[in-house]
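Pasting entry_12.txt here (compact mmCIF, all heavy atoms):
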# COMPACT_ATOMS: atom_id res chain seq x y z
N MET M 36 10.57 199.58 66.39
CA MET M 36 10.46 200.77 67.21
C MET M 36 9.02 200.97 67.69
O MET M 36 8.80 201.33 68.83
CB MET M 36 10.96 201.98 66.42
CG MET M 36 11.02 203.22 67.23
SD MET M 36 12.17 203.04 68.58
CE MET M 36 12.38 204.69 69.08
N THR M 37 8.08 200.75 66.80
CA THR M 37 6.69 200.94 67.21
C THR M 37 6.28 199.88 68.23
O THR M 37 5.45 200.16 69.10
CB THR M 37 5.75 200.88 66.00
OG1 THR M 37 5.93 199.63 65.34
CG2 THR M 37 6.03 202.01 65.04
N GLU M 38 6.85 198.70 68.12
CA GLU M 38 6.55 197.64 69.10
C GLU M 38 7.05 198.04 70.48
O GLU M 38 6.37 197.80 71.49
CB GLU M 38 7.20 196.33 68.65
CG GLU M 38 6.79 195.14 69.48
CD GLU M 38 5.34 194.75 69.26
OE1 GLU M 38 4.80 195.01 68.17
OE2 GLU M 38 4.74 194.22 70.21
N LEU M 39 8.21 198.67 70.54
CA LEU M 39 8.75 199.13 71.82
C LEU M 39 7.85 200.20 72.43
O LEU M 39 7.54 200.14 73.63
CB LEU M 39 10.16 199.69 71.62
CG LEU M 39 10.79 200.32 72.85
CD1 LEU M 39 11.10 199.26 73.89
CD2 LEU M 39 12.02 201.09 72.48
N LEU M 40 7.41 201.16 71.62
CA LEU M 40 6.52 202.20 72.12
C LEU M 40 5.18 201.63 72.57
O LEU M 40 4.63 202.06 73.58
CB LEU M 40 6.32 203.27 71.05
CG LEU M 40 7.56 204.08 70.69
CD1 LEU M 40 7.25 205.01 69.53
CD2 LEU M 40 8.07 204.84 71.88
N LYS M 41 4.68 200.66 71.83
CA LYS M 41 3.42 200.02 72.20
C LYS M 41 3.55 199.29 73.53
O LYS M 41 2.69 199.41 74.40
CB LYS M 41 3.00 199.06 71.09
CG LYS M 41 1.68 198.39 71.33
CD LYS M 41 1.34 197.46 70.19
CE LYS M 41 0.09 196.68 70.48
NZ LYS M 41 -0.19 195.70 69.43
N ASP M 42 4.64 198.54 73.70
CA ASP M 42 4.87 197.83 74.95
C ASP M 42 5.05 198.79 76.12
O ASP M 42 4.56 198.55 77.22
CB ASP M 42 6.10 196.93 74.85
CG ASP M 42 5.85 195.69 74.02
OD1 ASP M 42 4.67 195.34 73.82
OD2 ASP M 42 6.84 195.08 73.57
N LEU M 43 5.75 199.88 75.88
CA LEU M 43 5.94 200.88 76.92
C LEU M 43 4.62 201.50 77.33
O LEU M 43 4.35 201.68 78.53
CB LEU M 43 6.92 201.95 76.43
CG LEU M 43 7.37 202.98 77.44
CD1 LEU M 43 8.09 202.30 78.60
CD2 LEU M 43 8.28 203.98 76.79
N TRP M 44 3.77 201.83 76.35
CA TRP M 44 2.47 202.40 76.66
C TRP M 44 1.61 201.41 77.44
O TRP M 44 0.93 201.77 78.40
CB TRP M 44 1.77 202.86 75.39
CG TRP M 44 0.36 203.28 75.65
CD1 TRP M 44 -0.76 202.63 75.26
CD2 TRP M 44 -0.07 204.43 76.37
NE1 TRP M 44 -1.87 203.31 75.69
CE2 TRP M 44 -1.46 204.42 76.38
CE3 TRP M 44 0.60 205.47 77.01
CZ2 TRP M 44 -2.21 205.40 77.00
CZ3 TRP M 44 -0.16 206.45 77.63
CH2 TRP M 44 -1.53 206.41 77.63
N LEU M 45 1.61 200.15 77.03
CA LEU M 45 0.82 199.14 77.73
C LEU M 45 1.31 198.96 79.16
O LEU M 45 0.51 198.78 80.08
CB LEU M 45 0.86 197.82 76.97
CG LEU M 45 0.11 197.81 75.64
CD1 LEU M 45 0.33 196.49 74.91
CD2 LEU M 45 -1.36 198.07 75.84
N PHE M 46 2.61 199.00 79.36
CA PHE M 46 3.18 198.90 80.71
C PHE M 46 2.72 200.06 81.58
O PHE M 46 2.27 199.86 82.71
CB PHE M 46 4.71 198.87 80.64
CG PHE M 46 5.37 199.00 81.98
CD1 PHE M 46 5.44 197.92 82.83
CD2 PHE M 46 5.91 200.20 82.38
CE1 PHE M 46 6.04 198.03 84.07
CE2 PHE M 46 6.51 200.33 83.63
CZ PHE M 46 6.57 199.24 84.47
N MET M 47 2.81 201.28 81.04
CA MET M 47 2.42 202.46 81.82
C MET M 47 0.92 202.44 82.13
O MET M 47 0.50 202.82 83.23
CB MET M 47 2.79 203.75 81.09
CG MET M 47 4.26 204.00 81.05
SD MET M 47 4.74 205.64 80.49
CE MET M 47 3.88 205.83 78.96
N ARG M 48 0.12 202.00 81.18
CA ARG M 48 -1.33 201.96 81.40
C ARG M 48 -1.71 200.89 82.42
O ARG M 48 -2.56 201.12 83.28
CB ARG M 48 -2.04 201.70 80.08
CG ARG M 48 -3.52 201.99 80.16
CD ARG M 48 -4.17 201.81 78.85
NE ARG M 48 -4.23 200.37 78.56
CZ ARG M 48 -4.58 199.86 77.42
NH1 ARG M 48 -4.86 200.63 76.40
NH2 ARG M 48 -4.63 198.56 77.25
N GLU M 49 -1.06 199.74 82.33
CA GLU M 49 -1.39 198.63 83.24
C GLU M 49 -0.94 198.92 84.67
O GLU M 49 -1.67 198.64 85.62
CB GLU M 49 -0.71 197.36 82.74
CG GLU M 49 -0.85 196.18 83.66
CD GLU M 49 -1.71 195.10 83.07
OE1 GLU M 49 -2.06 195.20 81.89
OE2 GLU M 49 -2.01 194.17 83.81
N ARG M 50 0.24 199.47 84.82
CA ARG M 50 0.81 199.68 86.15
C ARG M 50 0.51 201.07 86.72
O ARG M 50 0.96 201.39 87.80
CB ARG M 50 2.33 199.50 86.11
CG ARG M 50 2.80 198.17 85.58
CD ARG M 50 2.98 197.17 86.67
NE ARG M 50 3.78 196.02 86.30
CZ ARG M 50 3.36 195.02 85.54
NH1 ARG M 50 2.18 195.06 85.01
NH2 ARG M 50 4.15 193.98 85.31
N LYS M 51 -0.23 201.89 85.97
CA LYS M 51 -0.59 203.26 86.39
C LYS M 51 0.65 204.10 86.68
O LYS M 51 0.75 204.80 87.68
CB LYS M 51 -1.48 203.23 87.64
CG LYS M 51 -2.72 202.41 87.51
CD LYS M 51 -3.74 203.07 86.62
CE LYS M 51 -5.07 202.36 86.72
NZ LYS M 51 -5.41 201.62 85.54
N LYS M 52 1.62 204.01 85.80
CA LYS M 52 2.86 204.76 85.95
C LYS M 52 2.96 205.84 84.87
O LYS M 52 3.93 205.92 84.13
CB LYS M 52 4.06 203.82 85.89
CG LYS M 52 4.06 202.80 86.99
CD LYS M 52 5.43 202.29 87.26
CE LYS M 52 5.42 201.25 88.33
NZ LYS M 52 5.35 201.75 89.65
N PHE M 53 1.96 206.69 84.81
CA PHE M 53 1.94 207.74 83.81
C PHE M 53 2.95 208.83 84.08
O PHE M 53 3.24 209.64 83.21
CB PHE M 53 0.53 208.34 83.70
CG PHE M 53 -0.48 207.38 83.17
CD1 PHE M 53 -1.48 206.87 83.98
CD2 PHE M 53 -0.41 206.96 81.85
CE1 PHE M 53 -2.40 205.97 83.48
CE2 PHE M 53 -1.33 206.06 81.35
CZ PHE M 53 -2.33 205.57 82.17
N TRP M 54 3.51 208.86 85.28
CA TRP M 54 4.55 209.85 85.59
C TRP M 54 5.83 209.57 84.81
O TRP M 54 6.69 210.43 84.71
CB TRP M 54 4.83 209.87 87.09
CG TRP M 54 5.20 208.54 87.67
CD1 TRP M 54 4.36 207.62 88.19
CD2 TRP M 54 6.51 207.98 87.74
NE1 TRP M 54 5.05 206.52 88.60
CE2 TRP M 54 6.38 206.71 88.34
CE3 TRP M 54 7.78 208.43 87.38
CZ2 TRP M 54 7.48 205.88 88.57
CZ3 TRP M 54 8.86 207.60 87.61
CH2 TRP M 54 8.70 206.35 88.20
N LEU M 55 5.95 208.38 84.22
CA LEU M 55 7.13 208.06 83.40
C LEU M 55 7.10 208.77 82.04
O LEU M 55 8.15 208.99 81.44
CB LEU M 55 7.22 206.56 83.17
CG LEU M 55 7.66 205.71 84.34
CD1 LEU M 55 7.53 204.24 83.98
CD2 LEU M 55 9.08 206.03 84.72
N ALA M 56 5.92 209.12 81.56
CA ALA M 56 5.80 209.72 80.23
C ALA M 56 6.59 211.01 80.08
O ALA M 56 7.34 211.15 79.10
CB ALA M 56 4.33 209.92 79.88
N PRO M 57 6.49 211.98 81.00
CA PRO M 57 7.29 213.21 80.83
C PRO M 57 8.79 212.94 80.88
O PRO M 57 9.56 213.58 80.15
CB PRO M 57 6.86 214.09 81.99
CG PRO M 57 5.58 213.55 82.47
CD PRO M 57 5.57 212.11 82.13
N ILE M 58 9.21 212.01 81.70
CA ILE M 58 10.63 211.68 81.79
C ILE M 58 11.13 211.12 80.47
O ILE M 58 12.19 211.49 79.97
CB ILE M 58 10.89 210.69 82.95
CG1 ILE M 58 10.52 211.35 84.27
CG2 ILE M 58 12.33 210.21 82.95
CD1 ILE M 58 10.51 210.40 85.44
N ILE M 59 10.36 210.22 79.88
CA ILE M 59 10.75 209.61 78.61
C ILE M 59 10.76 210.66 77.49
O ILE M 59 11.68 210.70 76.67
CB ILE M 59 9.80 208.45 78.27
CG1 ILE M 59 10.00 207.32 79.29
CG2 ILE M 59 10.02 207.95 76.86
CD1 ILE M 59 8.95 206.25 79.23
N ILE M 60 9.77 211.52 77.46
CA ILE M 60 9.69 212.55 76.42
C ILE M 60 10.86 213.52 76.51
O ILE M 60 11.50 213.84 75.49
CB ILE M 60 8.34 213.29 76.49
CG1 ILE M 60 7.22 212.34 76.09
CG2 ILE M 60 8.33 214.53 75.61
CD1 ILE M 60 5.83 212.86 76.36
N VAL M 61 11.17 213.97 77.72
CA VAL M 61 12.30 214.90 77.90
C VAL M 61 13.61 214.22 77.53
O VAL M 61 14.48 214.82 76.89
CB VAL M 61 12.32 215.45 79.34
CG1 VAL M 61 13.61 216.17 79.63
CG2 VAL M 61 11.14 216.36 79.56
N SER M 62 13.77 212.95 77.89
CA SER M 62 14.99 212.23 77.54
C SER M 62 15.14 212.10 76.02
O SER M 62 16.24 212.28 75.49
CB SER M 62 14.99 210.83 78.16
OG SER M 62 14.98 210.92 79.55
N LEU M 63 14.05 211.81 75.33
CA LEU M 63 14.10 211.71 73.87
C LEU M 63 14.41 213.06 73.23
O LEU M 63 15.18 213.13 72.26
CB LEU M 63 12.78 211.16 73.33
CG LEU M 63 12.51 209.69 73.61
CD1 LEU M 63 11.11 209.31 73.15
CD2 LEU M 63 13.55 208.82 72.92
N LEU M 64 13.83 214.13 73.76
CA LEU M 64 14.10 215.45 73.21
C LEU M 64 15.56 215.86 73.42
O LEU M 64 16.20 216.40 72.50
CB LEU M 64 13.18 216.49 73.84
CG LEU M 64 11.72 216.44 73.39
CD1 LEU M 64 10.89 217.42 74.19
CD2 LEU M 64 11.61 216.70 71.92
N LEU M 65 16.10 215.60 74.60
CA LEU M 65 17.51 215.93 74.85
C LEU M 65 18.44 215.09 73.98
O LEU M 65 19.43 215.58 73.46
CB LEU M 65 17.85 215.74 76.32
CG LEU M 65 17.35 216.83 77.26
CD1 LEU M 65 17.66 216.46 78.70
CD2 LEU M 65 17.95 218.16 76.90
N GLY M 66 18.10 213.81 73.81
CA GLY M 66 18.89 212.96 72.94
C GLY M 66 18.87 213.44 71.50
O GLY M 66 19.89 213.47 70.82
N GLY M 67 17.69 213.84 71.03
CA GLY M 67 17.58 214.38 69.67
C GLY M 67 18.34 215.67 69.51
O GLY M 67 18.96 215.92 68.47
N LEU M 68 18.31 216.51 70.53
CA LEU M 68 19.04 217.76 70.49
C LEU M 68 20.55 217.52 70.40
O LEU M 68 21.25 218.18 69.64
CB LEU M 68 18.72 218.59 71.73
CG LEU M 68 19.31 219.99 71.81
CD1 LEU M 68 18.73 220.85 70.70
CD2 LEU M 68 19.01 220.59 73.17
N ILE M 69 21.04 216.56 71.14
CA ILE M 69 22.47 216.24 71.11
C ILE M 69 22.87 215.68 69.76
O ILE M 69 23.90 216.04 69.20
CB ILE M 69 22.82 215.27 72.25
CG1 ILE M 69 22.71 216.00 73.59
CG2 ILE M 69 24.21 214.68 72.08
CD1 ILE M 69 22.83 215.12 74.80
N VAL M 70 22.04 214.79 69.20
CA VAL M 70 22.34 214.22 67.88
C VAL M 70 22.29 215.31 66.81
O VAL M 70 23.14 215.36 65.92
CB VAL M 70 21.36 213.08 67.55
CG1 VAL M 70 21.45 212.68 66.10
CG2 VAL M 70 21.62 211.89 68.45
N PHE M 71 21.32 216.19 66.89
CA PHE M 71 21.19 217.28 65.92
C PHE M 71 22.39 218.22 65.97
O PHE M 71 22.87 218.69 64.95
CB PHE M 71 19.90 218.06 66.18
CG PHE M 71 19.80 219.33 65.39
CD1 PHE M 71 19.58 219.30 64.02
CD2 PHE M 71 19.93 220.56 66.02
CE1 PHE M 71 19.49 220.47 63.29
CE2 PHE M 71 19.84 221.74 65.29
CZ PHE M 71 19.62 221.69 63.93
N ALA M 72 22.88 218.50 67.16
CA ALA M 72 23.95 219.49 67.33
C ALA M 72 25.34 218.90 67.17
O ALA M 72 26.33 219.63 67.29
CB ALA M 72 23.83 220.13 68.70
N GLN M 73 25.43 217.62 66.90
CA GLN M 73 26.73 216.94 66.83
C GLN M 73 27.69 217.63 65.85
O GLN M 73 28.85 217.81 66.14
CB GLN M 73 26.54 215.50 66.40
CG GLN M 73 27.75 214.64 66.65
CD GLN M 73 27.75 214.04 68.02
OE1 GLN M 73 26.69 213.78 68.55
NE2 GLN M 73 28.89 213.83 68.59
N GLY M 74 27.23 217.99 64.70
CA GLY M 74 28.15 218.56 63.72
C GLY M 74 27.65 219.87 63.14
O GLY M 74 28.00 220.21 62.02
N SER M 75 26.85 220.57 63.86
CA SER M 75 26.28 221.79 63.29
C SER M 75 26.86 223.03 63.96
O SER M 75 27.62 222.96 64.92
CB SER M 75 24.76 221.77 63.45
OG SER M 75 24.42 221.93 64.80
N ALA M 76 26.44 224.17 63.47
CA ALA M 76 26.89 225.44 64.02
C ALA M 76 26.19 225.77 65.33
O ALA M 76 26.56 226.70 66.02
CB ALA M 76 26.64 226.55 63.01
N VAL M 77 25.18 224.99 65.69
CA VAL M 77 24.43 225.22 66.92
C VAL M 77 25.15 224.63 68.14
O VAL M 77 24.85 224.99 69.27
CB VAL M 77 23.02 224.62 66.78
CG1 VAL M 77 22.16 224.90 67.99
CG2 VAL M 77 22.34 225.12 65.54
N ALA M 78 26.11 223.76 67.91
CA ALA M 78 26.78 223.03 68.98
C ALA M 78 27.35 223.93 70.09
O ALA M 78 27.14 223.63 71.27
CB ALA M 78 27.87 222.13 68.41
N PRO M 79 28.06 225.01 69.80
CA PRO M 79 28.59 225.83 70.91
C PRO M 79 27.51 226.42 71.79
O PRO M 79 27.71 226.57 72.99
CB PRO M 79 29.37 226.95 70.19
CG PRO M 79 29.65 226.42 68.85
CD PRO M 79 28.54 225.48 68.51
N PHE M 80 26.35 226.71 71.23
CA PHE M 80 25.27 227.28 72.03
C PHE M 80 24.62 226.24 72.92
O PHE M 80 24.18 226.53 74.02
CB PHE M 80 24.23 227.93 71.11
CG PHE M 80 24.80 229.02 70.27
CD1 PHE M 80 24.94 228.86 68.91
CD2 PHE M 80 25.21 230.20 70.86
CE1 PHE M 80 25.48 229.87 68.14
CE2 PHE M 80 25.75 231.23 70.10
CZ PHE M 80 25.90 231.06 68.73
N ILE M 81 24.54 225.00 72.44
CA ILE M 81 23.94 223.93 73.24
C ILE M 81 24.86 223.55 74.38
O ILE M 81 24.40 223.29 75.49
CB ILE M 81 23.60 222.74 72.34
CG1 ILE M 81 22.46 223.14 71.41
CG2 ILE M 81 23.22 221.53 73.17
CD1 ILE M 81 22.08 222.13 70.41
N TYR M 82 26.16 223.51 74.13
CA TYR M 82 27.08 223.12 75.19
C TYR M 82 27.11 224.13 76.33
O TYR M 82 27.42 223.78 77.46
CB TYR M 82 28.48 222.91 74.63
CG TYR M 82 28.56 221.70 73.72
CD1 TYR M 82 29.13 221.78 72.46
CD2 TYR M 82 28.04 220.49 74.12
CE1 TYR M 82 29.19 220.69 71.63
CE2 TYR M 82 28.08 219.38 73.30
CZ TYR M 82 28.66 219.49 72.07
OH TYR M 82 28.71 218.41 71.26
N THR M 83 26.76 225.37 76.06
CA THR M 83 26.72 226.36 77.15
C THR M 83 25.51 226.14 78.05
O THR M 83 25.52 226.62 79.19
CB THR M 83 26.69 227.78 76.59
OG1 THR M 83 25.55 227.94 75.76
CG2 THR M 83 27.95 228.08 75.79
N LEU M 84 24.49 225.45 77.57
CA LEU M 84 23.33 225.15 78.41
C LEU M 84 23.66 224.15 79.51
O LEU M 84 23.07 224.16 80.57
CB LEU M 84 22.18 224.63 77.56
CG LEU M 84 21.57 225.57 76.56
CD1 LEU M 84 20.53 224.85 75.73
CD2 LEU M 84 20.95 226.76 77.28
N PHE M 85 24.61 223.29 79.24
CA PHE M 85 24.95 222.24 80.19
C PHE M 85 26.26 222.58 80.86
O PHE M 85 26.66 222.20 81.82
CB PHE M 85 25.06 220.89 79.50
CG PHE M 85 23.79 220.49 78.82
CD1 PHE M 85 23.67 220.55 77.44
CD2 PHE M 85 22.69 220.08 79.55
CE1 PHE M 85 22.51 220.18 76.80
CE2 PHE M 85 21.52 219.71 78.93
CZ PHE M 85 21.43 219.76 77.56
Using structure tokens, write down the structure that the file contains.
Amino acid sequence: MTELLKDLWLFMRERKKFWLAPIIIVSLLLGGLIVFAQGSAVAPFIYTLF
């Protein structure tokens, strides 16, 4: 996993594509939110957001 993050950072730094960082961070946060809410009591509240 760290190798993937390192390669991604090197790609963004080399190609000057720093605009990808917020997209990746938001995608990871939404993915974590979905995984967290999969079986919890928070799930009905998250589904109303979408």
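The space between atom O of Leu40 of chain M and atom CG of Leu84 of chain M spans 29.1 Å.
You will find atom NH2 of Arg50 of chain M at 22.7 Å from atom N of Leu63 of chain M.
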(Q) Would you pick out the contacts of Ile59 of chain M at 6 Å or less, using all heavy atoms, so that residues sharing its chain but fewer than 4 positions from it are not included, and give the list as a PyMOL selection string? (A) chain M and resi 43+47+55+63-64
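Counting from atom NZ of Lys51 of chain M, the distance to atom CG of Leu65 of chain M is 28.6 Å.
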Q) Please, which residues of chain M, numbered as in this document, come out helix (DSSP H, G or I) from DSSP, as a ChimeraX atom specification? A) /M:37-50,55-71,78-82
